[in-house]
file model_36.cif (mmCIF, C-alpha atoms)
data_work
loop_
_atom_site.label_atom_id
_atom_site.label_comp_id
_atom_site.auth_asym_id
_atom_site.auth_seq_id
_atom_site.Cartn_x
_atom_site.Cartn_y
_atom_site.Cartn_z
CA MET X 8 157.65 106.93 118.05
CA LYS X 9 156.08 109.51 120.38
CA ILE X 10 153.21 111.88 119.55
CA LEU X 11 152.62 114.92 121.75
CA ILE X 12 148.91 115.80 121.49
CA PHE X 13 147.20 119.04 122.53
CA TYR X 14 143.45 118.57 122.71
CA GLN X 15 141.57 120.64 125.29
CA TYR X 16 138.64 118.29 125.85
CA TYR X 17 140.15 114.81 125.91
CA LEU X 18 137.70 112.55 127.75
CA PRO X 19 138.42 110.19 130.62
CA LYS X 20 137.30 106.59 130.32
CA ASN X 21 133.61 106.16 129.43
CA TYR X 22 132.75 109.88 129.63
CA GLY X 23 129.93 110.92 127.33
CA GLY X 24 130.81 113.35 124.56
CA VAL X 25 132.94 113.48 121.43
CA ASN X 26 135.52 110.73 121.94
CA ARG X 27 137.28 110.91 118.56
CA PHE X 28 140.75 111.30 120.08
CA ASN X 29 140.19 108.60 122.69
CA GLN X 30 139.51 106.22 119.84
CA LEU X 31 142.47 107.40 117.74
CA VAL X 32 144.87 107.19 120.69
CA SER X 33 143.70 103.69 121.63
CA LYS X 34 144.40 102.45 118.10
CA TRP X 35 147.80 104.17 117.97
CA LEU X 36 148.76 102.59 121.27
CA GLU X 37 147.83 99.19 119.84
CA ALA X 38 150.25 99.97 116.99
CA GLY X 39 153.06 100.54 119.51
CA VAL X 40 153.07 104.35 119.46
CA ASP X 41 153.70 106.36 122.66
CA CYS X 42 151.17 109.15 123.17
CA THR X 43 151.20 112.07 125.60
CA VAL X 44 147.92 114.02 125.71
CA VAL X 45 147.85 117.48 127.27
CA CYS X 46 144.27 118.49 128.05
CA SER X 47 142.00 120.37 130.44
CA LYS X 48 140.79 119.46 133.91
CA ARG X 49 137.41 120.85 132.86
CA SER X 50 135.09 119.08 130.45
CA GLN X 51 133.54 120.87 127.48
CA PHE X 52 130.54 121.62 129.70
CA GLY X 53 132.56 123.03 132.61
CA MET X 54 132.54 119.96 134.88
CA LYS X 55 135.77 119.31 136.77
CA ILE X 56 137.49 116.06 135.80
CA GLU X 57 138.96 114.23 138.76
CA SER X 58 142.45 112.78 138.49
CA GLY X 59 142.90 109.03 138.36
CA SER X 60 140.02 108.51 135.92
CA GLU X 61 142.12 108.03 132.78
CA GLU X 62 141.81 104.96 130.64
CA GLU X 63 144.48 102.32 131.17
CA PHE X 64 146.04 100.19 128.47
CA PRO X 65 148.17 97.04 128.67
CA GLN X 66 151.81 98.06 128.94
CA ASP X 67 153.50 95.11 127.20
CA GLU X 68 155.95 95.12 124.29
CA ASN X 69 153.15 95.30 121.72
CA TYR X 70 151.62 98.50 123.12
CA GLY X 71 152.69 102.10 123.24
CA LYS X 72 152.57 104.08 126.46
CA LEU X 73 149.94 106.66 127.32
CA LYS X 74 150.41 109.73 129.51
CA VAL X 75 147.54 112.14 130.09
CA LYS X 76 148.49 115.50 131.60
CA ARG X 77 145.67 117.79 132.68
CA VAL X 78 145.95 121.52 133.38
CA MET X 79 143.31 123.75 134.99
CA PRO X 80 142.56 126.74 132.75
CA LEU X 81 141.18 130.03 134.01
CA GLY X 82 137.68 131.18 133.07
CA GLY X 83 134.94 128.71 132.27
CA ASN X 84 132.91 127.03 129.56
CA LYS X 85 129.59 128.79 129.94
CA GLY X 86 127.92 130.96 127.31
CA ASN X 87 129.85 134.08 128.31
CA PHE X 88 132.25 134.83 125.44
CA LEU X 89 134.92 136.49 127.58
CA SER X 90 134.97 133.56 130.02
CA ARG X 91 135.38 131.11 127.16
CA MET X 92 138.22 133.10 125.61
CA ILE X 93 140.04 133.26 128.95
CA SER X 94 139.66 129.48 129.22
CA TYR X 95 140.99 128.90 125.69
CA VAL X 96 143.95 131.29 125.98
CA SER X 97 144.98 130.14 129.47
CA PHE X 98 144.81 126.50 128.37
CA SER X 99 147.06 127.35 125.42
CA VAL X 100 149.63 129.00 127.73
CA TYR X 101 149.58 126.30 130.41
CA SER X 102 149.70 123.43 127.91
CA PHE X 103 152.65 125.07 126.15
CA LEU X 104 154.58 125.12 129.44
CA VAL X 105 153.78 121.43 130.02
CA GLY X 106 154.77 120.53 126.47
CA LEU X 107 158.01 122.45 126.69
CA PHE X 108 159.35 119.94 129.21
CA GLU X 109 158.21 116.81 127.34
CA ARG X 110 161.22 114.90 126.04
CA ASP X 111 161.86 112.58 123.09
CA VAL X 112 158.94 113.93 121.06
CA ASP X 113 158.82 112.97 117.36
CA VAL X 114 155.79 114.97 116.26
CA ILE X 115 153.44 117.60 117.74
CA LEU X 116 149.69 117.43 117.10
CA ALA X 117 147.44 120.40 117.91
CA SER X 118 143.68 120.02 117.53
CA SER X 119 141.26 122.86 116.80
CA PRO X 120 138.80 124.10 117.96
CA PRO X 121 139.60 126.08 119.92
CA LEU X 122 141.89 127.77 117.42
CA THR X 123 144.11 129.02 120.27
CA THR X 124 145.54 125.49 120.53
CA ALA X 125 147.29 126.25 117.22
CA SER X 126 149.46 128.78 119.09
CA THR X 127 150.69 126.03 121.41
CA GLY X 128 151.59 123.84 118.46
CA LEU X 129 153.31 126.62 116.56
CA TRP X 130 155.50 127.72 119.51
CA LEU X 131 156.50 124.14 120.37
CA ARG X 132 157.27 123.47 116.72
CA PHE X 133 159.68 126.40 116.91
CA PHE X 134 161.34 125.43 120.20
CA LYS X 135 161.51 121.67 119.66
CA ARG X 136 162.19 121.72 115.90
CA LYS X 137 159.66 118.96 115.34
CA PRO X 138 156.96 118.70 112.65
CA LEU X 139 153.46 119.95 113.46
CA VAL X 140 150.19 118.24 112.63
CA PHE X 141 147.26 120.67 112.68
CA ASP X 142 144.06 118.71 113.31
CA VAL X 143 141.03 120.70 112.08
CA ARG X 144 137.68 119.50 113.48
CA ASP X 145 135.85 122.76 112.76
CA LEU X 146 136.61 125.74 110.54
CA TRP X 147 137.55 128.31 113.13
CA PRO X 148 137.37 131.28 113.00
CA LYS X 149 134.97 131.08 110.03
CA CYS X 150 132.37 129.17 112.00
CA ALA X 151 132.54 131.53 115.01
CA VAL X 152 132.20 134.57 112.73
CA ASP X 153 129.31 133.09 110.71
CA MET X 154 127.39 132.23 113.88
CA GLY X 155 127.96 135.64 115.46
CA PHE X 156 130.11 134.44 118.36
CA LEU X 157 133.12 136.42 117.14
CA ASN X 158 132.39 139.97 116.02
CA ASN X 159 135.29 142.06 117.31
CA LYS X 160 137.19 143.25 114.23
CA LEU X 161 140.61 143.05 115.88
CA ALA X 162 139.93 139.54 117.22
CA ILE X 163 138.66 138.41 113.82
CA LYS X 164 141.76 139.77 112.09
CA TYR X 165 144.09 138.09 114.60
CA SER X 166 142.19 134.79 114.38
CA TYR X 167 142.42 134.60 110.60
CA ARG X 168 146.15 135.40 110.78
CA LEU X 169 146.64 132.60 113.32
CA GLU X 170 144.65 130.19 111.14
CA ARG X 171 146.74 131.08 108.06
CA ARG X 172 150.01 130.73 109.97
CA ALA X 173 148.98 127.30 111.30
CA TYR X 174 148.12 126.14 107.77
CA ASN X 175 151.42 127.41 106.38
CA LYS X 176 153.70 126.08 109.15
CA ALA X 177 152.05 122.70 109.68
CA SER X 178 153.67 119.75 107.92
CA LEU X 179 150.32 117.96 107.83
CA ILE X 180 146.71 119.18 108.08
CA SER X 181 144.03 116.63 108.98
CA VAL X 182 140.38 117.42 108.23
CA VAL X 183 137.12 115.64 109.09
CA THR X 184 134.94 116.12 105.96
CA PRO X 185 135.42 116.45 102.18
CA ARG X 186 134.08 120.03 102.42
CA PHE X 187 137.03 120.87 104.67
CA VAL X 188 139.35 119.56 101.96
CA ASP X 189 137.71 121.94 99.48
CA TYR X 190 138.13 124.84 101.95
CA MET X 191 141.85 124.09 102.32
CA LYS X 192 142.36 124.01 98.55
CA GLN X 193 140.50 127.31 98.17
CA ASN X 194 142.98 128.75 100.68
CA GLY X 195 145.93 127.60 98.60
CA ILE X 196 146.94 124.57 100.68
CA ASP X 197 148.82 121.89 98.73
CA ASP X 198 146.98 118.56 98.27
CA GLU X 199 149.96 116.63 99.62
CA LYS X 200 149.66 118.45 102.93
CA ILE X 201 146.03 117.41 103.56
CA VAL X 202 144.77 114.11 104.95
CA TYR X 203 141.07 113.33 105.26
CA VAL X 204 140.41 111.73 108.67
CA PRO X 205 136.64 111.64 109.24
CA ASN X 206 134.93 111.09 112.54
CA PHE X 207 133.97 107.49 113.17
CA SER X 208 132.47 105.22 115.80
CA CYS X 209 133.98 102.39 117.81
CA ASP X 210 130.51 101.50 119.11
CA ILE X 211 130.05 98.82 116.47
CA GLY X 212 128.63 95.54 117.70
CA ASP X 213 125.55 93.64 118.78
CA TYR X 214 123.51 94.42 121.86
CA SER X 215 120.70 92.78 123.79
CA THR X 216 117.22 93.65 122.53
CA GLU X 217 115.70 92.33 125.75
CA GLU X 218 117.95 94.59 127.83
CA THR X 219 116.91 97.59 125.74
CA LEU X 220 113.22 96.74 126.23
CA GLN X 221 113.86 96.51 129.97
CA TYR X 222 115.35 100.02 130.01
CA LYS X 223 112.29 101.32 128.12
CA ARG X 224 110.00 99.69 130.65
CA GLU X 225 111.90 101.33 133.52
CA LEU X 226 111.29 104.75 131.93
CA GLY X 227 107.65 104.00 131.12
CA LEU X 228 108.36 104.07 127.38
CA GLU X 229 107.59 100.48 126.44
CA ASP X 230 104.50 101.49 124.41
CA LYS X 231 105.98 104.75 123.09
CA PHE X 232 107.56 105.64 119.77
CA VAL X 233 110.83 107.20 120.96
CA VAL X 234 112.66 110.01 119.15
CA GLY X 235 116.10 110.90 120.47
CA TYR X 236 118.78 113.57 120.34
CA PHE X 237 122.14 113.11 122.05
CA GLY X 238 124.82 115.78 121.98
CA ASN X 239 125.69 119.36 122.78
CA HIS X 240 122.81 121.64 123.83
CA GLY X 241 124.31 124.76 122.32
CA HIS X 242 123.47 127.38 119.71
CA ALA X 243 124.33 125.26 116.66
CA SER X 244 122.22 122.29 117.77
CA ASN X 245 119.02 124.35 117.39
CA LEU X 246 117.04 122.17 119.80
CA LEU X 247 114.17 124.61 120.31
CA GLN X 248 112.67 123.29 117.07
CA LEU X 249 112.45 119.82 118.65
CA ILE X 250 110.45 121.34 121.52
CA ASP X 251 107.99 122.71 118.97
CA VAL X 252 107.76 119.29 117.30
CA ALA X 253 107.12 117.62 120.67
CA GLU X 254 104.36 120.14 121.36
CA VAL X 255 102.56 119.23 118.12
CA PHE X 256 102.69 115.52 118.96
CA MET X 257 101.46 116.06 122.53
CA LYS X 258 98.49 118.20 121.43
CA SER X 259 97.52 115.52 118.90
CA GLY X 260 97.49 112.83 121.59
CA SER X 261 100.21 110.84 119.82
CA ASN X 262 102.34 108.26 121.64
CA VAL X 263 105.56 109.84 120.30
CA HIS X 264 107.98 110.60 123.14
CA PHE X 265 111.32 112.43 123.06
CA ILE X 266 114.61 111.88 124.90
CA LEU X 267 117.08 114.78 124.81
CA GLY X 268 120.45 113.76 126.24
CA GLY X 269 123.50 115.89 126.81
CA ALA X 270 124.57 119.25 128.23
CA GLY X 271 125.48 122.71 126.99
CA TYR X 272 125.11 126.38 127.77
CA LYS X 273 121.58 126.51 126.28
CA LYS X 274 120.32 123.47 128.18
CA ALA X 275 118.54 125.50 130.88
CA GLU X 276 116.81 127.64 128.24
CA ILE X 277 115.64 124.55 126.35
CA VAL X 278 114.31 122.83 129.48
CA ASP X 279 112.57 126.05 130.55
CA HIS X 280 110.96 126.38 127.11
CA ALA X 281 109.55 122.85 127.35
CA GLN X 282 108.27 123.42 130.89
CA LYS X 283 106.51 126.65 129.93
CA LYS X 284 104.68 124.73 127.21
CA GLY X 285 103.71 122.09 129.75
CA LEU X 286 105.19 119.26 127.74
CA THR X 287 105.09 115.84 129.38
CA ASN X 288 106.38 113.87 126.39
CA ILE X 289 110.06 114.83 126.79
CA ILE X 290 112.71 113.32 129.05
CA PHE X 291 115.86 115.41 129.62
CA VAL X 292 118.99 113.54 130.71
CA GLN X 293 122.57 114.72 131.25
CA ASN X 294 125.90 113.73 132.81
CA LEU X 295 125.81 110.65 130.60
CA SER X 296 128.68 108.19 130.37
CA ARG X 297 129.49 106.66 127.00
CA SER X 298 127.62 103.49 127.93
CA ASP X 299 124.63 105.60 129.05
CA VAL X 300 124.53 107.34 125.67
CA LEU X 301 124.53 104.02 123.84
CA ARG X 302 121.81 102.64 126.12
CA TYR X 303 119.53 105.62 125.43
CA VAL X 304 120.22 105.66 121.68
CA ARG X 305 119.29 101.98 121.46
CA MET X 306 115.94 102.76 123.12
CA CYS X 307 115.07 105.12 120.28
CA ASP X 308 113.10 104.29 117.16
CA VAL X 309 114.41 107.39 115.36
CA CYS X 310 117.29 109.78 116.13
CA THR X 311 117.64 113.42 115.12
CA THR X 312 120.27 115.97 114.16
CA PRO X 313 118.46 119.34 114.10
CA LEU X 314 121.35 121.62 113.16
CA LEU X 315 121.07 125.37 112.72
CA ALA X 316 120.68 126.60 109.13
CA ASN X 317 124.10 128.16 108.64
CA GLU X 318 126.73 128.10 105.88
CA SER X 319 129.42 126.83 108.25
CA MET X 320 127.20 123.92 109.30
CA LYS X 321 127.13 122.71 105.68
CA ALA X 322 130.78 121.64 105.97
CA VAL X 323 130.55 119.43 109.06
CA TYR X 324 129.80 115.83 109.99
CA PRO X 325 128.13 115.93 113.44
CA SER X 326 129.86 113.13 115.35
CA LYS X 327 126.53 111.95 116.81
CA ILE X 328 125.40 110.59 113.43
CA PHE X 329 128.09 107.90 113.60
CA THR X 330 126.75 106.73 116.96
CA TYR X 331 123.25 106.64 115.47
CA MET X 332 124.48 104.63 112.51
CA ALA X 333 126.40 102.23 114.75
CA CYS X 334 123.17 101.59 116.68
CA LYS X 335 121.22 101.05 113.42
CA LYS X 336 118.91 104.03 113.92
CA PRO X 337 117.29 106.01 111.06
CA ILE X 338 118.15 109.72 111.20
CA VAL X 339 115.85 112.71 110.73
CA HIS X 340 118.11 115.70 110.15
CA THR X 341 118.14 119.33 109.08
CA ALA X 342 121.84 119.28 108.20
CA ASP X 343 122.41 120.30 104.59
CA GLY X 344 125.76 120.01 102.82
CA ALA X 345 128.33 117.39 103.79
CA CYS X 346 126.14 115.69 106.40
CA ARG X 347 123.20 115.42 104.01
CA GLU X 348 125.43 113.94 101.30
CA LEU X 349 126.75 111.31 103.71
CA ILE X 350 123.30 110.32 104.99
CA ASP X 351 121.91 110.22 101.44
CA ASN X 352 124.79 108.02 100.29
CA ALA X 353 124.26 105.72 103.27
CA GLU X 354 120.47 105.73 102.67
CA CYS X 355 119.94 105.93 106.42
CA GLY X 356 117.93 109.10 106.98
CA VAL X 357 115.49 111.75 105.81
CA TYR X 358 116.24 115.45 105.33
CA CYS X 359 113.89 118.05 106.85
CA LYS X 360 114.02 121.79 106.23
CA PRO X 361 115.31 123.63 109.33
CA ASP X 362 112.75 125.28 111.61
CA SER X 363 109.86 123.43 109.99
CA PRO X 364 108.10 121.66 112.88
CA GLN X 365 105.13 120.50 110.81
CA GLU X 366 107.39 118.91 108.20
CA MET X 367 109.39 117.11 110.88
CA VAL X 368 106.16 115.90 112.45
CA ARG X 369 105.11 114.52 109.07
CA ILE X 370 108.46 112.74 108.52
CA ILE X 371 108.52 111.21 112.01
CA THR X 372 104.88 110.09 111.63
CA GLU X 373 105.66 108.41 108.30
CA LEU X 374 108.59 106.55 109.84
CA MET X 375 106.50 105.58 112.87
CA ASN X 376 103.98 103.96 110.53
CA ASN X 377 106.58 102.13 108.44
CA GLU X 378 108.71 99.77 110.53
CA GLU X 379 110.12 98.05 107.46
CA ARG X 380 111.53 101.34 106.19
CA ARG X 381 113.06 102.14 109.58
CA LEU X 382 114.77 98.76 109.80
CA LYS X 383 116.06 99.07 106.24
CA MET X 384 117.51 102.54 106.94
CA GLY X 385 119.12 101.35 110.16
CA LYS X 386 120.80 98.40 108.49
CA SER X 387 121.92 100.50 105.52
CA GLY X 388 123.54 103.09 107.79
CA TYR X 389 125.31 100.41 109.81
CA ASP X 390 126.64 98.67 106.69
CA TYR X 391 127.85 101.99 105.25
CA LEU X 392 129.62 102.79 108.52
CA ILE X 393 131.43 99.44 108.52
CA GLU X 394 132.52 99.84 104.91
CA ASN X 395 133.60 103.50 104.94
CA PHE X 396 134.29 104.57 108.54
CA HIS X 397 135.88 101.60 110.23
CA PRO X 398 138.03 102.81 113.17
CA ASN X 399 141.01 100.59 112.30
CA ASP X 400 141.22 101.84 108.71
CA ILE X 401 140.88 105.52 109.61
CA SER X 402 143.25 105.44 112.58
CA MET X 403 145.97 103.67 110.62
CA ARG X 404 145.59 105.97 107.62
CA TYR X 405 146.08 108.95 109.95
CA LEU X 406 149.09 107.30 111.60
CA ASP X 407 150.68 106.48 108.23
CA ALA X 408 150.33 110.13 107.16
CA ILE X 409 151.99 111.24 110.43
CA LYS X 410 154.89 108.82 109.98
CA LYS X 411 155.63 110.26 106.53
CA ILE X 412 156.37 113.74 107.92
CA ILE X 413 158.79 112.57 110.61
#
call {"tool": "encode", "arguments": {"input": "model_36.cif", "output": "structure tokens"}}
result
Amino acid sequence: MKILIFYQYYLPKNYGGVNRFNQLVSKWLEAGVDCTVVCSKRSQFGMKIESGSEEEFPQDENYGKLKVKRVMPLGGNKGNFLSRMISYVSFSVYSFLVGLFERDVDVILASSPPLTTASTGLWLRFFKRKPLVFDVRDLWPKCAVDMGFLNNKLAIKYSYRLERRAYNKASLISVVTPRFVDYMKQNGIDDEKIVYVPNFSCDIGDYSTEETLQYKRELGLEDKFVVGYFGNHGHASNLLQLIDVAEVFMKSGSNVHFILGGAGYKKAEIVDHAQKKGLTNIIFVQNLSRSDVLRYVRMCDVCTTPLLANESMKAVYPSKIFTYMACKKPIVHTADGACRELIDNAECGVYCKPDSPQEMVRIITELMNNEERRLKMGKSGYDYLIENFHPNDISMRYLDAIKKII
């Protein structure tokens, strides 16, 4: 069995970022499936990915074979909307041409966002006469419209038509949260066509407490209460509110310190905002490998998910929360909807109203003064992750659903 996958931001080995498909592919290879991934030579944050950095797998009779084919799209990944659209559309065209010459394909999988990848899947479905899996990780174009990124009437009309066509022509639609399932049903999609494949973490396991303490000492944080955020520094992450929280703690003389890890088109603005306030209780880090992310998360006493207050955000599971749970960290979050329901069910975090610095200060202070509660939340989140989001279970459920449409 061979799966042809179109996913623009597939990560090389140990790159920091959302590695959902790296994890899925590794499990499918273990099950003997051949996978070809067509992706970009640029990362989500615009960095060029050098060839020869792909992950290798044993190539014996028990493993499938992996091929990763990278194309260089035009445009870029900065905040400029036109540049992003050129990148998305050119990737769709180039990846279609690569896919057209792939042989012995059993199923085509196109992952969105960006929604333009759906065009690649739809055209190859037509030419190759193979079933299409449409993998929906975000509700585009709804999310882009709700957040004001997409406001051209013609582009909006075309995007919704493309979304509808992808839903109708796909043999299987995979979604990452229960709210996405509800959205599909509201749009008239048959239950039998939908498979729920949530994000998950493969970062489950023990780690050295002494090593973590050593890292804290190296950063001068051994006597600090550390609050962390690790992920995209974009519009939806709403990180300016964390800068305001850090300011309150610094003015009060508290020993609370923040680590903000990751990259994104708003990173420079966020760093500049902190510098103008003269904050010395924040460390900004970027260009993190996967192991770097885990090392920093494990240094933290509390982790945060300060999402923007937006209707579209109520449907998502930010992938970072699974890393936090895997590292047994309590979560302070502003994410209402699906994310809040998950964290409440796991009993591993505290909800804070968005853009309420004083309330977040209060919550973090309460957790700082209650180690027993923090440890209980961390363990509860880890146990819930093991029981409900184990990578083997999810990957095989997805693969079984794919096999049924072939």
call {"tool": "resolve_selection", "arguments": {"input": "model_36.cif", "expression": "the PyMOL selection byres ((chain X and resi 289) around 10)", "output": "PDB file with C-alpha atoms, in the frame of the given file"}}
result
ATOM      1  CA  VAL X 233     110.830 107.200 120.960  1.00  0.00           C
ATOM      2  CA  VAL X 234     112.660 110.010 119.150  1.00  0.00           C
ATOM      3  CA  GLY X 235     116.100 110.900 120.470  1.00  0.00           C
ATOM      4  CA  LEU X 249     112.450 119.820 118.650  1.00  0.00           C
ATOM      5  CA  ILE X 250     110.450 121.340 121.520  1.00  0.00           C
ATOM      6  CA  ALA X 253     107.120 117.620 120.670  1.00  0.00           C
ATOM      7  CA  GLU X 254     104.360 120.140 121.360  1.00  0.00           C
ATOM      8  CA  MET X 257     101.460 116.060 122.530  1.00  0.00           C
ATOM      9  CA  VAL X 263     105.560 109.840 120.300  1.00  0.00           C
ATOM     10  CA  HIS X 264     107.980 110.600 123.140  1.00  0.00           C
ATOM     11  CA  PHE X 265     111.320 112.430 123.060  1.00  0.00           C
ATOM     12  CA  ILE X 266     114.610 111.880 124.900  1.00  0.00           C
ATOM     13  CA  LEU X 267     117.080 114.780 124.810  1.00  0.00           C
ATOM     14  CA  VAL X 278     114.310 122.830 129.480  1.00  0.00           C
ATOM     15  CA  ALA X 281     109.550 122.850 127.350  1.00  0.00           C
ATOM     16  CA  GLN X 282     108.270 123.420 130.890  1.00  0.00           C
ATOM     17  CA  LEU X 286     105.190 119.260 127.740  1.00  0.00           C
ATOM     18  CA  THR X 287     105.090 115.840 129.380  1.00  0.00           C
ATOM     19  CA  ASN X 288     106.380 113.870 126.390  1.00  0.00           C
ATOM     20  CA  ILE X 290     112.710 113.320 129.050  1.00  0.00           C
ATOM     21  CA  PHE X 291     115.860 115.410 129.620  1.00  0.00           C
ATOM     22  CA  VAL X 292     118.990 113.540 130.710  1.00  0.00           C
TER      23      VAL X 292
END
call {"tool": "closest_residue", "arguments": {"input": "model_36.cif", "among": "X:Pro361, X:Gly241, X:Pro398, X:Pro205", "to": "X:Gly271", "atoms": "only C-alpha atoms"}}
result
X:Gly241
call {"tool": "resolve_selection", "arguments": {"input": "model_36.cif", "expression": "the PyMOL selection byres ((chain X and resi 47) around 9)", "output": "PyMOL selection string"}}
result
chain X and resi 14-17+45-46+48-51+55-56+76-80+98+102
call {"tool": "closest_residue", "arguments": {"input": "model_36.cif", "among": "X:His340, X:Lys386, X:Lys410, X:Lys9", "to": "X:Glu366", "atoms": "only C-alpha atoms"}}
result
X:His340
call {"tool": "closest_residue", "arguments": {"input": "model_36.cif", "among": "X:Ser94, X:Thr127, X:Val182, X:Leu301", "to": "X:Leu139", "atoms": "only C-alpha atoms"}}
result
X:Thr127
call {"tool": "residues_around", "arguments": {"input": "model_36.cif", "residues": "X:Pro138", "least_positions_apart": "4", "cutoff": "10 Å", "atoms": "only C-alpha atoms", "output": "PyMOL selection string"}}
result
chain X and resi 112-116+128-129+131-133+176-179+409+412-413
call {"tool": "write_last_selection", "arguments": {"input": "model_36.cif", "atoms": "C-alpha atoms", "output": "mmCIF file, keeping the file's coordinate frame"}}
result
data_model
loop_
_atom_site.group_PDB
_atom_site.id
_atom_site.type_symbol
_atom_site.label_atom_id
_atom_site.label_comp_id
_atom_site.auth_asym_id
_atom_site.auth_seq_id
_atom_site.Cartn_x
_atom_site.Cartn_y
_atom_site.Cartn_z
ATOM 1 C CA VAL X 112 158.940 113.930 121.060
ATOM 2 C CA ASP X 113 158.820 112.970 117.360
ATOM 3 C CA VAL X 114 155.790 114.970 116.260
ATOM 4 C CA ILE X 115 153.440 117.600 117.740
ATOM 5 C CA LEU X 116 149.690 117.430 117.100
ATOM 6 C CA GLY X 128 151.590 123.840 118.460
ATOM 7 C CA LEU X 129 153.310 126.620 116.560
ATOM 8 C CA LEU X 131 156.500 124.140 120.370
ATOM 9 C CA ARG X 132 157.270 123.470 116.720
ATOM 10 C CA PHE X 133 159.680 126.400 116.910
ATOM 11 C CA LYS X 176 153.700 126.080 109.150
ATOM 12 C CA ALA X 177 152.050 122.700 109.680
ATOM 13 C CA SER X 178 153.670 119.750 107.920
ATOM 14 C CA LEU X 179 150.320 117.960 107.830
ATOM 15 C CA ILE X 409 151.990 111.240 110.430
ATOM 16 C CA ILE X 412 156.370 113.740 107.920
ATOM 17 C CA ILE X 413 158.790 112.570 110.610
#
call {"tool": "build_atoms", "arguments": {"input": "model_36.cif", "residues": "stretch 282-296 of chain X", "atoms": "N, CA and C atoms", "output": "PDB file, keeping the file's coordinate frame"}}
result
ATOM      1  N   GLN X 282     109.104 123.347 129.692  1.00  0.00           N
ATOM      2  CA  GLN X 282     108.270 123.420 130.890  1.00  0.00           C
ATOM      3  C   GLN X 282     107.175 124.473 130.754  1.00  0.00           C
ATOM      4  N   LYS X 283     107.500 125.597 130.130  1.00  0.00           N
ATOM      5  CA  LYS X 283     106.510 126.650 129.930  1.00  0.00           C
ATOM      6  C   LYS X 283     105.374 126.177 129.019  1.00  0.00           C
ATOM      7  N   LYS X 284     105.701 125.285 128.104  1.00  0.00           N
ATOM      8  CA  LYS X 284     104.680 124.730 127.210  1.00  0.00           C
ATOM      9  C   LYS X 284     103.922 123.577 127.865  1.00  0.00           C
ATOM     10  N   GLY X 285     104.379 123.164 129.041  1.00  0.00           N
ATOM     11  CA  GLY X 285     103.710 122.090 129.750  1.00  0.00           C
ATOM     12  C   GLY X 285     103.865 120.725 129.110  1.00  0.00           C
ATOM     13  N   LEU X 286     104.987 120.509 128.470  1.00  0.00           N
ATOM     14  CA  LEU X 286     105.190 119.260 127.740  1.00  0.00           C
ATOM     15  C   LEU X 286     105.536 118.117 128.697  1.00  0.00           C
ATOM     16  N   THR X 287     104.833 117.030 128.547  1.00  0.00           N
ATOM     17  CA  THR X 287     105.090 115.840 129.380  1.00  0.00           C
ATOM     18  C   THR X 287     105.619 114.682 128.553  1.00  0.00           C
ATOM     19  N   ASN X 288     105.890 114.931 127.276  1.00  0.00           N
ATOM     20  CA  ASN X 288     106.380 113.870 126.390  1.00  0.00           C
ATOM     21  C   ASN X 288     107.866 114.023 126.063  1.00  0.00           C
ATOM     22  N   ILE X 289     108.609 114.672 126.961  1.00  0.00           N
ATOM     23  CA  ILE X 289     110.060 114.830 126.790  1.00  0.00           C
ATOM     24  C   ILE X 289     110.767 114.425 128.078  1.00  0.00           C
ATOM     25  N   ILE X 290     111.820 113.646 127.947  1.00  0.00           N
ATOM     26  CA  ILE X 290     112.710 113.320 129.050  1.00  0.00           C
ATOM     27  C   ILE X 290     114.053 113.990 128.774  1.00  0.00           C
ATOM     28  N   PHE X 291     114.540 114.795 129.728  1.00  0.00           N
ATOM     29  CA  PHE X 291     115.860 115.410 129.620  1.00  0.00           C
ATOM     30  C   PHE X 291     116.835 114.634 130.503  1.00  0.00           C
ATOM     31  N   VAL X 292     117.961 114.240 129.930  1.00  0.00           N
ATOM     32  CA  VAL X 292     118.990 113.540 130.710  1.00  0.00           C
ATOM     33  C   VAL X 292     120.342 114.188 130.428  1.00  0.00           C
ATOM     34  N   GLN X 293     121.223 114.164 131.423  1.00  0.00           N
ATOM     35  CA  GLN X 293     122.570 114.720 131.250  1.00  0.00           C
ATOM     36  C   GLN X 293     123.555 113.954 132.125  1.00  0.00           C
ATOM     37  N   ASN X 294     124.817 114.413 132.094  1.00  0.00           N
ATOM     38  CA  ASN X 294     125.900 113.730 132.810  1.00  0.00           C
ATOM     39  C   ASN X 294     125.953 112.247 132.413  1.00  0.00           C
ATOM     40  N   LEU X 295     125.867 112.011 131.111  1.00  0.00           N
ATOM     41  CA  LEU X 295     125.810 110.650 130.600  1.00  0.00           C
ATOM     42  C   LEU X 295     127.209 110.110 130.322  1.00  0.00           C
ATOM     43  N   SER X 296     127.466 108.895 130.767  1.00  0.00           N
ATOM     44  CA  SER X 296     128.680 108.190 130.370  1.00  0.00           C
ATOM     45  C   SER X 296     128.500 107.695 128.936  1.00  0.00           C
TER      46      SER X 296
END
